[in-house]
>>> print(open('my_file28.cif').read())   # mmCIF, C-alpha atoms
data_query
loop_
_atom_site.label_atom_id
_atom_site.label_comp_id
_atom_site.auth_asym_id
_atom_site.auth_seq_id
_atom_site.Cartn_x
_atom_site.Cartn_y
_atom_site.Cartn_z
CA MET A 198 15.10 -12.68 52.87
CA SER A 199 15.81 -10.23 50.05
CA ASN A 200 18.12 -12.74 48.34
CA SER A 201 15.73 -15.69 48.59
CA VAL A 202 14.94 -17.41 45.30
CA GLU A 203 11.27 -17.77 44.42
CA SER A 204 9.36 -19.33 41.57
CA VAL A 205 8.12 -16.74 39.10
CA ASP A 206 6.71 -19.38 36.77
CA ASP A 207 6.88 -23.14 36.48
CA LEU A 208 10.29 -22.91 34.82
CA ILE A 209 11.51 -19.47 35.94
CA LEU A 210 13.22 -18.73 39.23
CA ALA A 211 14.45 -15.30 40.41
CA SER A 212 15.57 -13.61 43.60
CA HIS A 213 14.02 -10.35 44.79
CA GLY A 214 15.28 -7.37 42.79
CA ASN A 215 17.41 -9.56 40.57
CA TRP A 216 15.25 -10.25 37.49
CA ARG A 217 17.32 -10.89 34.39
CA PHE A 218 16.37 -11.81 30.83
CA ASP A 219 18.87 -14.67 30.78
CA GLN A 220 18.80 -18.08 29.10
CA GLN A 221 16.37 -19.46 31.69
CA VAL A 222 13.87 -16.66 31.10
CA SER A 223 14.28 -16.66 27.31
CA GLU A 224 13.41 -20.32 26.94
CA SER A 225 10.11 -19.93 28.80
CA PHE A 226 9.36 -16.30 27.98
CA ASP A 227 6.58 -16.82 25.45
CA SER A 228 4.48 -19.10 27.64
CA HIS A 229 5.21 -16.97 30.71
CA VAL A 230 4.12 -13.66 29.17
CA VAL A 231 0.87 -15.13 27.80
CA LYS A 232 -0.03 -16.41 31.28
CA SER A 233 1.11 -13.36 33.25
CA VAL A 234 -0.04 -10.47 31.03
CA PRO A 235 -3.82 -10.18 30.55
CA PHE A 236 -4.86 -10.01 26.90
CA TYR A 237 -1.26 -10.24 25.68
CA GLU A 238 -2.28 -11.89 22.42
CA GLU A 239 -4.98 -9.25 21.92
CA ILE A 240 -2.35 -6.54 22.42
CA GLN A 241 -0.25 -8.10 19.67
CA ARG A 242 -3.27 -8.32 17.38
CA MET A 243 -4.10 -4.65 17.94
CA VAL A 244 -0.53 -3.57 17.22
CA VAL A 245 -0.62 -5.42 13.90
CA GLU A 246 -3.99 -3.87 13.06
CA ILE A 247 -2.78 -0.34 13.87
CA SER A 248 0.35 -0.90 11.78
CA GLU A 249 -1.78 -0.96 8.62
CA TYR A 250 -2.15 2.81 8.91
CA PHE A 251 1.61 3.40 8.95
CA ILE A 252 3.48 0.63 7.16
CA LYS A 253 3.63 1.03 3.40
CA ASP A 254 6.17 0.13 0.73
CA ASN A 255 9.74 1.17 1.72
CA SER A 256 8.82 1.47 5.43
CA VAL A 257 11.28 1.02 8.29
CA ILE A 258 9.97 -0.55 11.51
CA TYR A 259 11.64 -0.76 14.94
CA ASP A 260 10.65 -2.88 17.93
CA ILE A 261 12.40 -1.76 21.13
CA GLY A 262 12.80 -4.68 23.49
CA SER A 263 11.96 -7.23 20.82
CA SER A 264 12.46 -10.24 23.18
CA THR A 265 11.81 -13.44 21.21
CA GLY A 266 10.58 -11.58 18.12
CA THR A 267 6.83 -12.17 18.47
CA THR A 268 5.81 -8.67 17.37
CA LEU A 269 8.20 -8.47 14.43
CA SER A 270 7.24 -11.95 13.29
CA LEU A 271 3.55 -10.97 13.21
CA LEU A 272 4.29 -7.67 11.46
CA SER A 273 6.45 -9.41 8.88
CA GLN A 274 3.68 -11.88 8.08
CA GLN A 275 1.02 -9.15 7.92
CA HIS A 276 2.99 -6.99 5.48
CA ILE A 277 4.63 -9.74 3.44
CA LEU A 278 3.24 -8.34 0.17
CA LYS A 279 4.65 -4.86 0.71
CA LYS A 280 7.86 -3.99 -1.08
CA ASN A 281 11.19 -3.14 0.49
CA ILE A 282 10.15 -2.97 4.13
CA ASN A 283 12.79 -3.51 6.81
CA LEU A 284 12.12 -4.53 10.40
CA PHE A 285 14.63 -4.12 13.22
CA GLY A 286 14.41 -5.64 16.68
CA ILE A 287 16.53 -4.00 19.39
CA GLU A 288 17.33 -6.29 22.30
CA GLU A 289 20.13 -6.40 24.88
CA SER A 290 19.71 -10.06 25.88
CA PRO A 291 21.82 -12.44 23.74
CA SER A 292 19.59 -15.41 24.56
CA MET A 293 16.48 -13.49 23.50
CA ILE A 294 18.17 -12.55 20.22
CA GLU A 295 19.08 -16.20 19.64
CA ASN A 296 15.48 -17.33 20.10
CA ALA A 297 14.17 -14.46 17.98
CA ARG A 298 16.46 -15.26 15.06
CA SER A 299 15.33 -18.88 15.07
CA ARG A 300 11.69 -17.71 14.94
CA CYS A 301 12.05 -14.94 12.34
CA THR A 302 13.93 -16.22 9.33
CA SER A 303 12.68 -13.60 6.87
CA PRO A 304 15.62 -11.71 5.31
CA ASN A 305 14.01 -8.33 5.96
CA VAL A 306 13.86 -8.92 9.75
CA ASN A 307 17.05 -8.06 11.62
CA PHE A 308 17.85 -8.18 15.33
CA LEU A 309 20.38 -5.82 16.90
CA LEU A 310 22.12 -6.85 20.12
CA GLN A 311 22.23 -3.38 21.64
CA ASP A 312 21.21 -1.30 24.62
CA VAL A 313 18.88 1.22 22.99
CA ILE A 314 19.92 4.00 25.41
CA SER A 315 23.69 3.70 25.48
CA SER A 316 24.03 2.96 21.77
CA ASN A 317 22.10 6.15 20.88
CA ILE A 318 20.29 4.58 17.94
CA CYS A 319 18.94 7.03 15.36
CA PHE A 320 15.40 6.11 14.29
CA GLU A 321 15.85 7.76 10.90
CA ASN A 322 12.90 7.46 8.51
CA ALA A 323 11.04 5.25 10.97
CA SER A 324 7.45 4.61 9.90
CA PHE A 325 6.44 2.54 12.92
CA VAL A 326 8.12 2.14 16.33
CA THR A 327 6.82 -0.27 18.96
CA SER A 328 7.89 -1.00 22.50
CA ILE A 329 5.55 -3.49 24.12
CA LEU A 330 5.89 -4.08 27.87
CA THR A 331 9.47 -2.79 27.81
CA MET A 332 9.48 0.67 29.37
CA GLN A 333 8.81 -0.61 32.89
CA PHE A 334 12.29 -2.14 32.83
CA VAL A 335 13.95 1.15 31.85
CA PRO A 336 14.83 3.86 34.45
CA LEU A 337 12.61 6.93 34.14
CA LYS A 338 15.41 9.32 33.22
CA GLU A 339 16.43 7.01 30.39
CA VAL A 340 12.82 6.71 29.17
CA ALA A 341 12.81 10.48 28.60
CA ALA A 342 16.01 10.25 26.56
CA LEU A 343 14.61 7.38 24.49
CA LYS A 344 11.40 9.30 23.82
CA GLY A 345 13.51 12.16 22.50
CA GLN A 346 15.37 9.84 20.14
CA ILE A 347 12.11 8.56 18.65
CA LEU A 348 10.37 11.93 18.45
CA GLU A 349 13.37 13.53 16.77
CA SER A 350 13.34 11.02 13.91
CA SER A 351 12.39 12.60 10.59
CA GLY A 352 9.84 9.89 9.84
CA PHE A 353 7.97 10.46 13.09
CA LYS A 354 8.05 14.22 12.63
CA SER A 355 6.60 13.94 9.15
CA ILE A 356 3.75 11.74 10.44
CA VAL A 357 2.96 14.23 13.22
CA ARG A 358 2.99 17.14 10.78
CA LEU A 359 0.74 15.33 8.31
CA ASN A 360 -1.76 14.32 11.00
CA GLY A 361 -1.73 17.87 12.39
CA ASN A 362 -2.58 19.32 9.01
CA LEU A 363 -5.29 16.71 8.45
CA PHE A 364 -6.71 17.63 11.86
CA VAL A 365 -6.99 21.28 10.76
CA ARG A 366 -8.75 20.05 7.63
CA SER A 367 -11.24 18.06 9.73
CA LEU A 368 -11.89 21.04 12.01
CA THR A 369 -12.70 23.35 9.10
CA ILE A 370 -15.11 20.79 7.62
CA ALA A 371 -16.86 20.36 10.97
CA PHE A 372 -16.97 24.14 11.45
CA THR A 373 -18.55 24.65 8.02
CA TYR A 374 -21.30 22.08 8.56
CA VAL A 375 -22.04 23.33 12.08
CA ILE A 376 -22.37 26.94 10.91
CA PHE A 377 -24.51 25.84 7.96
CA SER A 378 -26.88 23.95 10.27
CA SER A 379 -26.93 26.77 12.83
CA LEU A 380 -27.81 29.38 10.21
CA SER A 381 -30.53 27.07 8.86
CA ALA A 382 -32.01 26.96 12.35
CA THR A 383 -32.23 30.77 12.50
CA MET A 384 -34.68 30.68 9.59
CA ASP A 385 -38.12 29.12 9.84
CA THR A 386 -38.72 25.48 10.72
CA MET A 387 -39.53 24.47 7.14
CA ILE A 388 -36.20 25.84 5.85
CA PHE A 389 -34.38 24.05 8.64
CA ALA A 390 -36.05 20.74 7.78
CA CYS A 391 -35.45 21.27 4.06
CA ASN A 392 -31.74 21.98 4.56
CA ALA A 393 -31.38 19.05 6.95
CA LEU A 394 -32.65 16.63 4.30
CA LEU A 395 -30.53 18.17 1.54
CA LEU A 396 -27.49 18.04 3.80
CA GLN A 397 -28.23 14.40 4.60
CA VAL A 398 -28.17 13.48 0.91
CA LEU A 399 -25.06 15.61 0.44
CA LEU A 400 -23.17 13.85 3.24
CA LEU A 401 -24.26 10.39 2.15
CA THR A 402 -22.96 11.06 -1.35
CA ILE A 403 -19.74 12.56 0.00
CA ASP A 404 -19.18 9.29 1.88
CA ILE A 405 -19.03 7.60 -1.52
CA PHE A 406 -16.53 10.21 -2.70
CA HIS A 407 -14.46 9.46 0.40
CA GLY A 408 -14.18 5.84 -0.73
CA VAL A 409 -12.80 6.95 -4.11
CA GLY A 410 -10.53 9.48 -2.35
CA LEU A 411 -9.12 6.91 0.05
CA SER A 412 -8.40 4.54 -2.83
CA THR A 413 -6.65 7.41 -4.62
CA ALA A 414 -4.58 8.17 -1.52
CA ALA A 415 -3.53 4.54 -1.11
CA LEU A 416 -2.57 4.09 -4.76
CA THR A 417 -0.77 7.44 -4.89
CA GLY A 418 1.29 6.45 -1.85
CA THR A 419 2.08 3.10 -3.46
CA PHE A 420 3.14 4.73 -6.73
CA LYS A 421 5.26 7.21 -4.82
CA GLY A 422 7.01 4.39 -2.97
CA GLU A 423 7.56 2.52 -6.22
CA GLN A 424 8.68 5.78 -7.90
CA THR A 425 6.27 5.06 -10.75
CA THR A 426 5.09 8.67 -10.99
CA HIS A 427 3.90 8.19 -14.57
CA LYS A 428 0.89 6.38 -13.08
CA TYR A 429 -0.37 9.50 -11.26
CA LEU A 430 -2.16 11.04 -14.23
CA PRO A 431 -4.08 7.90 -15.33
CA LEU A 432 -5.07 7.36 -11.70
CA LEU A 433 -6.43 10.90 -11.40
CA GLN A 434 -8.29 10.64 -14.70
CA ILE A 435 -10.04 7.42 -13.68
CA ALA A 436 -10.75 8.55 -10.10
CA ILE A 437 -12.08 12.00 -11.06
CA GLY A 438 -14.15 10.54 -13.88
CA THR A 439 -15.68 7.94 -11.56
CA SER A 440 -16.33 10.35 -8.71
CA LEU A 441 -17.74 13.10 -10.95
CA SER A 442 -20.08 10.63 -12.65
CA ILE A 443 -21.40 9.48 -9.28
CA GLY A 444 -21.83 13.04 -8.04
CA LEU A 445 -23.66 14.36 -11.07
CA THR A 446 -25.83 11.25 -11.25
CA CYS A 447 -26.90 11.57 -7.61
CA ALA A 448 -27.51 15.31 -7.97
CA GLY A 449 -29.42 14.78 -11.21
CA LEU A 450 -31.68 12.18 -9.65
CA CYS A 451 -32.44 14.54 -6.77
CA VAL A 452 -33.27 17.39 -9.16
CA LEU A 453 -35.38 15.30 -11.53
CA SER A 454 -37.15 13.12 -8.96
CA PRO A 455 -37.21 14.91 -5.60
CA GLN A 456 -40.47 13.21 -4.65
CA THR A 457 -38.93 9.76 -5.10
CA ILE A 458 -35.56 10.49 -3.47
CA PHE A 459 -36.63 12.68 -0.56
CA GLY A 460 -39.84 10.73 -0.12
CA LEU A 461 -37.61 8.05 1.34
CA LEU A 462 -36.61 10.50 4.09
CA THR A 463 -39.87 12.29 4.84
CA ASN A 464 -43.60 12.00 4.18
CA HIS A 465 -44.23 15.76 4.50
CA SER A 466 -45.21 16.90 1.00
CA GLU A 467 -44.79 20.58 1.87
CA ILE A 468 -41.14 20.02 2.78
CA ILE A 469 -40.53 18.15 -0.48
CA GLU A 470 -42.11 21.04 -2.40
CA LEU A 471 -39.73 23.44 -0.66
CA ILE A 472 -36.81 21.15 -1.48
CA ARG A 473 -37.60 21.58 -5.19
CA THR A 474 -36.59 25.23 -4.82
CA TYR A 475 -33.14 24.55 -3.41
CA VAL A 476 -32.19 21.10 -4.74
CA PRO A 477 -30.45 22.48 -7.91
CA TRP A 478 -27.65 23.69 -5.64
CA LEU A 479 -26.66 20.01 -5.26
CA LEU A 480 -25.45 20.02 -8.87
CA VAL A 481 -22.79 22.59 -8.01
CA VAL A 482 -21.96 21.31 -4.54
CA LEU A 483 -21.76 17.62 -5.40
CA GLY A 484 -20.03 18.25 -8.72
CA CYS A 485 -17.23 20.23 -7.06
CA ALA A 486 -17.08 17.93 -4.02
CA SER A 487 -16.58 14.88 -6.25
CA ILE A 488 -13.41 16.43 -7.70
CA CYS A 489 -12.23 17.84 -4.36
CA LEU A 490 -12.27 14.50 -2.56
CA VAL A 491 -10.17 12.84 -5.26
CA LEU A 492 -7.59 15.64 -5.28
CA GLU A 493 -7.46 15.60 -1.49
CA GLY A 494 -6.81 11.87 -1.64
CA TYR A 495 -4.01 12.48 -4.15
CA PHE A 496 -2.25 15.04 -1.95
CA THR A 497 -2.79 12.88 1.14
CA GLY A 498 -1.04 10.02 -0.66
CA LEU A 499 1.88 12.36 -1.38
CA ALA A 500 1.88 13.36 2.34
CA GLU A 501 1.32 17.01 1.28
CA GLY A 502 -0.62 17.96 4.38
CA VAL A 503 0.26 21.66 4.05
CA VAL A 504 -1.61 21.78 0.73
CA LEU A 505 -4.76 20.43 2.37
CA ARG A 506 -4.47 22.70 5.39
CA ASN A 507 -4.02 25.84 3.29
CA THR A 508 -6.82 24.84 0.92
CA PHE A 509 -9.37 24.39 3.68
CA LEU A 510 -8.37 27.51 5.60
CA ILE A 511 -8.60 29.70 2.48
CA SER A 512 -11.86 28.19 1.23
CA THR A 513 -13.43 28.59 4.68
CA LEU A 514 -12.18 32.09 5.42
CA ALA A 515 -12.50 33.54 1.90
CA GLY A 516 -15.38 31.51 0.49
CA PHE A 517 -17.76 30.32 3.18
CA ILE A 518 -17.57 32.78 6.08
CA PRO A 519 -18.26 36.07 4.18
CA LEU A 520 -21.40 34.64 2.58
CA ALA A 521 -22.42 32.96 5.85
CA ILE A 522 -22.26 36.37 7.55
CA SER A 523 -24.44 37.81 4.78
CA THR A 524 -26.90 34.97 5.33
CA TRP A 525 -27.08 35.92 9.01
CA PHE A 526 -28.12 39.47 8.09
CA TYR A 527 -30.47 38.73 5.20
CA HIS A 528 -31.88 35.33 6.28
CA ASN A 529 -31.72 34.13 2.70
CA ASN A 530 -31.42 30.38 2.16
CA HIS A 531 -30.15 30.73 -1.41
CA MET A 532 -27.28 32.80 -0.02
CA LEU A 533 -26.53 30.05 2.49
CA TRP A 534 -26.33 27.48 -0.29
CA LEU A 535 -24.17 29.90 -2.26
CA ALA A 536 -21.82 29.96 0.74
CA MET A 537 -21.61 26.15 0.71
CA SER A 538 -21.09 26.19 -3.06
CA MET A 539 -18.27 28.74 -2.82
CA PHE A 540 -16.63 26.60 -0.11
CA MET A 541 -16.57 23.68 -2.56
CA VAL A 542 -15.65 25.73 -5.65
CA ILE A 543 -12.70 27.49 -4.00
CA ARG A 544 -11.47 24.15 -2.63
CA MET A 545 -11.57 22.68 -6.11
CA VAL A 546 -9.82 25.67 -7.71
CA ILE A 547 -7.03 25.84 -5.12
CA LEU A 548 -6.39 22.09 -5.31
CA GLY A 549 -6.36 22.37 -9.08
CA VAL A 550 -3.74 25.15 -8.92
CA TYR A 551 -1.60 23.06 -6.59
CA LEU A 552 -2.00 20.12 -8.96
CA VAL A 553 -0.80 22.12 -11.96
CA LYS A 554 2.18 23.40 -9.96
CA SER A 555 2.92 19.96 -8.52
CA LYS A 556 6.48 18.82 -9.18
CA GLU A 557 5.16 15.26 -9.50
CA LEU A 558 3.08 16.22 -12.53
CA LYS A 559 4.44 18.40 -15.30
CA ILE A 560 2.03 21.05 -16.53
CA GLU A 561 2.59 19.98 -20.12
CA THR A 562 1.49 16.45 -19.22
CA ILE A 563 -1.69 17.67 -17.53
CA LEU A 564 -2.66 20.00 -20.36
CA ASN A 565 -2.06 17.31 -22.96
#
>>> encode(input="my_file28.cif", output="structure tokens")
Amino acid sequence: MSNSVESVDDLILASHGNWRFDQQVSESFDSHVVKSVPFYEEIQRMVVEISEYFIKDNSVIYDIGSSTGTTLSLLSQQHILKKNINLFGIEESPSMIENARSRCTSPNVNFLLQDVISSNICFENASFVTSILTMQFVPLKEVAALKGQILESSGFKSIVRLNGNLFVRSLTIAFTYVIFSSLSATMDTMIFACNALLLQVLLLTIDIFHGVGLSTAALTGTFKGEQTTHKYLPLLQIAIGTSLSIGLTCAGLCVLSPQTIFGLLTNHSEIIELIRTYVPWLLVVLGCASICLVLEGYFTGLAEGVVLRNTFLISTLAGFIPLAISTWFYHNNHMLWLAMSMFMVIRMVILGVYLVKSKELKIETILN
């Protein structure tokens, strides 16, 4: 009974415990997997979408168990405009490789007829590694070995380190805003409402800065891949000029016309009158934040996560927390806004120091 042959699909036959990716399976694999795996095409679409976060110019991509090359074909089409990317499919079935090569004719897509475990492939400088519906065919002890090969690659390690440092950055930002709001709540209700509205305008404007910062990060990464480092300085000049203009304009409008701006958020005239007292702080906070977000985007594009981590830890511990503690004792809202301002100012200064010392930009070039 165990050796009986049964129909797996209309054109695929296999005996119990004897599934093989042979010529018979390869010829019908694409239609079979779409019918047998729920949302298979959606899985492929999601993989391509996620790849946008990792695949840049000069990236190296691996697909373990590439079968007929569906994933690599889609990735190749998606990133066709990127420069010098190389895609490798690793497959141990000769018939699968044959079908894959007929599907993917792009010169930057290569298929390796290898057993990924026994050949001990080194995933050096890998930017993106996929393995879709493959691991269930690999013995568990060999899965652990394969995971080690991927995790030990320098490219994967660098991505993990960068994301870890960016996570610390995000935690410090969240911590700062939570403490700011909590200290506002310890004062009277009017102060809390006033700070909530000012913070709302601050965060909305910072979202605009984030757009400029993300564009800076993307272009910096592109220039780094192209090794056109002479473009860094013009990029920073344009980005900082744009962001600073937006920040000072928004802050200026809030200072000059608080009734018009904050009247969109509340109809309580007494709160708007109180806002007039504290709204000038937005000039300092937004002015510094506009520069900070661009510089953070620049260092993110260079994958200098340590710079961002150190900047946020120092600005939080040395700038924000001491003044926040003083605010707790004295219940002074101006001191609370001074704490937020020092958080932004120290961030800007530290990033500026790193920028001047950056090996990508010579100090003489910056000063001139």
>>> closest_residue(input="my_file28.cif", among="A:Ile261, A:Ala436, A:Ala390, A:Leu479", to="A:Val335", atoms="only C-alpha atoms")
A:Ile261
>>> closest_residue(input="my_file28.cif", among="A:Ile388, A:Ile240, A:Leu483, A:Val231", to="A:Met539", atoms="all atoms listed in the file")
A:Leu483
>>> residues_around(input="my_file28.cif", residues="stretch 370-372 of chain A", least_positions_apart="2", cutoff="12 Å", atoms="only C-alpha atoms", output="PDB file with C-alpha atoms, in the frame of the given file")
ATOM      1  CA  LEU A 363      -5.290  16.710   8.450  1.00  0.00           C
ATOM      2  CA  PHE A 364      -6.710  17.630  11.860  1.00  0.00           C
ATOM      3  CA  VAL A 365      -6.990  21.280  10.760  1.00  0.00           C
ATOM      4  CA  ARG A 366      -8.750  20.050   7.630  1.00  0.00           C
ATOM      5  CA  SER A 367     -11.240  18.060   9.730  1.00  0.00           C
ATOM      6  CA  LEU A 368     -11.890  21.040  12.010  1.00  0.00           C
ATOM      7  CA  TYR A 374     -21.300  22.080   8.560  1.00  0.00           C
ATOM      8  CA  VAL A 375     -22.040  23.330  12.080  1.00  0.00           C
ATOM      9  CA  ILE A 376     -22.370  26.940  10.910  1.00  0.00           C
ATOM     10  CA  PHE A 377     -24.510  25.840   7.960  1.00  0.00           C
ATOM     11  CA  SER A 378     -26.880  23.950  10.270  1.00  0.00           C
ATOM     12  CA  SER A 379     -26.930  26.770  12.830  1.00  0.00           C
ATOM     13  CA  LEU A 400     -23.170  13.850   3.240  1.00  0.00           C
ATOM     14  CA  LEU A 505      -4.760  20.430   2.370  1.00  0.00           C
ATOM     15  CA  ARG A 506      -4.470  22.700   5.390  1.00  0.00           C
ATOM     16  CA  THR A 508      -6.820  24.840   0.920  1.00  0.00           C
ATOM     17  CA  PHE A 509      -9.370  24.390   3.680  1.00  0.00           C
ATOM     18  CA  LEU A 510      -8.370  27.510   5.600  1.00  0.00           C
ATOM     19  CA  SER A 512     -11.860  28.190   1.230  1.00  0.00           C
ATOM     20  CA  THR A 513     -13.430  28.590   4.680  1.00  0.00           C
ATOM     21  CA  LEU A 514     -12.180  32.090   5.420  1.00  0.00           C
ATOM     22  CA  PHE A 517     -17.760  30.320   3.180  1.00  0.00           C
ATOM     23  CA  ILE A 518     -17.570  32.780   6.080  1.00  0.00           C
ATOM     24  CA  ALA A 521     -22.420  32.960   5.850  1.00  0.00           C
ATOM     25  CA  MET A 537     -21.610  26.150   0.710  1.00  0.00           C
ATOM     26  CA  PHE A 540     -16.630  26.600  -0.110  1.00  0.00           C
ATOM     27  CA  MET A 541     -16.570  23.680  -2.560  1.00  0.00           C
ATOM     28  CA  ARG A 544     -11.470  24.150  -2.630  1.00  0.00           C
TER      29      ARG A 544
END
>>> resolve_selection(input="my_file28.cif", expression="the PyMOL selection byres ((chain A and resi 276-282) around 7)", output="ChimeraX atom specification")
/A:253-257,272-275,283-284,305
>>> resolve_selection(input="my_file28.cif", expression="the PyMOL selection byres ((chain A and resi 407) around 12)", output="list of chain:residue names")
A:Leu400, A:Leu401, A:Thr402, A:Ile403, A:Asp404, A:Ile405, A:Phe406, A:Gly408, A:Val409, A:Gly410, A:Leu411, A:Ser412, A:Thr413, A:Ala414, A:Ala436, A:Ile437, A:Ser440, A:Ile443, A:Gly444, A:Ala486, A:Ser487, A:Ile488, A:Cys489, A:Leu490, A:Val491, A:Leu492, A:Glu493, A:Gly494, A:Tyr495
>>> resolve_selection(input="my_file28.cif", expression="the PyMOL selection byres ((chain A and resi 295) around 10)", output="list in words")
Gln220, Ser223, Ser264, Thr265, Gly266, Ser290, Pro291, Ser292, Met293, Ile294, Asn296, Ala297, Arg298, Ser299, Arg300, Phe308 and Leu310 of chain A
>>> residues_around(input="my_file28.cif", residues="A:Gly502", least_positions_apart="4", cutoff="8 Å", atoms="all atoms listed in the file", output="list in words")
Arg358, Leu359, Asn360, Asn362, Leu363, Phe496, Thr497 and Arg506 of chain A
>>> atom_distance(input="my_file28.cif", atom1="atom CA of A:Leu432", atom2="atom CA of A:Leu416")
8.1 Å
>>> atom_distance(input="my_file28.cif", atom1="atom CA of A:Ala500", atom2="atom CA of A:Gly484")
25.0 Å
>>> closest_residue(input="my_file28.cif", among="A:Gly422, A:Gly262, A:Gly516, A:Gly286", to="A:Trp534", atoms="all atoms listed in the file")
A:Gly516
>>> residues_around(input="my_file28.cif", residues="A:Ala448", least_positions_apart="2", cutoff="6 Å", atoms="only C-alpha atoms", output="list in words")
Leu445, Thr446, Leu450, Cys451, Leu479 and Leu480 of chain A
>>> atom_distance(input="my_file28.cif", atom1="atom CA of A:Ser538", atom2="atom CA of A:Val482")
5.2 Å
>>> closest_residue(input="my_file28.cif", among="A:Ile468, A:Ala515, A:Val230, A:Met545", to="A:Ala393", atoms="all atoms listed in the file")
A:Ile468
>>> axis_aligned_box(input="my_file28.cif", around="stretch 462-473 of chain A", padding_each_side="5 Å", output="JSON")
{"center_x": -40.9, "center_y": 17.0, "center_z": -0.2, "size_x": 18.6, "size_y": 22.9, "size_z": 20.0}
>>> closest_residue(input="my_file28.cif", among="A:Thr457, A:Thr373, A:Asn392, A:Ser555", to="A:Leu520", atoms="only C-alpha atoms")
A:Thr373
>>> build_atoms(input="my_file28.cif", residues="stretch 503-516 of chain A", atoms="N, CA, C and O atoms", output="JSON list (two decimals), in the frame of the given file")
[["chain", "number", "residue", "atom", "x", "y", "z"],
["A", 503, "VAL", "N", 0.31, 20.19, 4.08],
["A", 503, "VAL", "CA", 0.26, 21.66, 4.05],
["A", 503, "VAL", "C", -0.70, 22.13, 2.96],
["A", 503, "VAL", "O", -1.42, 23.11, 3.14],
["A", 504, "VAL", "N", -0.70, 21.44, 1.83],
["A", 504, "VAL", "CA", -1.61, 21.78, 0.73],
["A", 504, "VAL", "C", -3.06, 21.69, 1.21],
["A", 504, "VAL", "O", -3.86, 22.60, 0.96],
["A", 505, "LEU", "N", -3.39, 20.61, 1.89],
["A", 505, "LEU", "CA", -4.76, 20.43, 2.37],
["A", 505, "LEU", "C", -5.12, 21.46, 3.42],
["A", 505, "LEU", "O", -6.21, 22.04, 3.41],
["A", 506, "ARG", "N", -4.20, 21.70, 4.34],
["A", 506, "ARG", "CA", -4.47, 22.70, 5.39],
["A", 506, "ARG", "C", -4.74, 24.07, 4.79],
["A", 506, "ARG", "O", -5.73, 24.73, 5.12],
["A", 507, "ASN", "N", -3.86, 24.51, 3.89],
["A", 507, "ASN", "CA", -4.02, 25.84, 3.29],
["A", 507, "ASN", "C", -5.30, 25.92, 2.47],
["A", 507, "ASN", "O", -6.01, 26.94, 2.50],
["A", 508, "THR", "N", -5.61, 24.85, 1.74],
["A", 508, "THR", "CA", -6.82, 24.84, 0.92],
["A", 508, "THR", "C", -8.06, 25.03, 1.76],
["A", 508, "THR", "O", -8.95, 25.85, 1.43],
["A", 509, "PHE", "N", -8.16, 24.32, 2.86],
["A", 509, "PHE", "CA", -9.37, 24.39, 3.68],
["A", 509, "PHE", "C", -9.46, 25.71, 4.44],
["A", 509, "PHE", "O", -10.56, 26.25, 4.61],
["A", 510, "LEU", "N", -8.34, 26.22, 4.90],
["A", 510, "LEU", "CA", -8.37, 27.51, 5.60],
["A", 510, "LEU", "C", -8.80, 28.63, 4.65],
["A", 510, "LEU", "O", -9.64, 29.47, 5.00],
["A", 511, "ILE", "N", -8.25, 28.64, 3.43],
["A", 511, "ILE", "CA", -8.60, 29.70, 2.48],
["A", 511, "ILE", "C", -10.06, 29.58, 2.04],
["A", 511, "ILE", "O", -10.78, 30.58, 1.99],
["A", 512, "SER", "N", -10.48, 28.36, 1.71],
["A", 512, "SER", "CA", -11.86, 28.19, 1.23],
["A", 512, "SER", "C", -12.88, 28.51, 2.32],
["A", 512, "SER", "O", -13.97, 29.01, 2.03],
["A", 513, "THR", "N", -12.52, 28.25, 3.57],
["A", 513, "THR", "CA", -13.43, 28.59, 4.68],
["A", 513, "THR", "C", -13.46, 30.08, 4.95],
["A", 513, "THR", "O", -14.53, 30.69, 5.06],
["A", 514, "LEU", "N", -12.27, 30.68, 5.06],
["A", 514, "LEU", "CA", -12.18, 32.09, 5.42],
["A", 514, "LEU", "C", -12.60, 33.02, 4.28],
["A", 514, "LEU", "O", -13.24, 34.05, 4.51],
["A", 515, "ALA", "N", -12.22, 32.66, 3.04],
["A", 515, "ALA", "CA", -12.50, 33.54, 1.90],
["A", 515, "ALA", "C", -13.79, 33.19, 1.18],
["A", 515, "ALA", "O", -14.40, 34.06, 0.55],
["A", 516, "GLY", "N", -14.21, 31.93, 1.24],
["A", 516, "GLY", "CA", -15.38, 31.51, 0.49],
["A", 516, "GLY", "C", -16.63, 31.38, 1.32],
["A", 516, "GLY", "O", -17.67, 31.99, 1.01]]
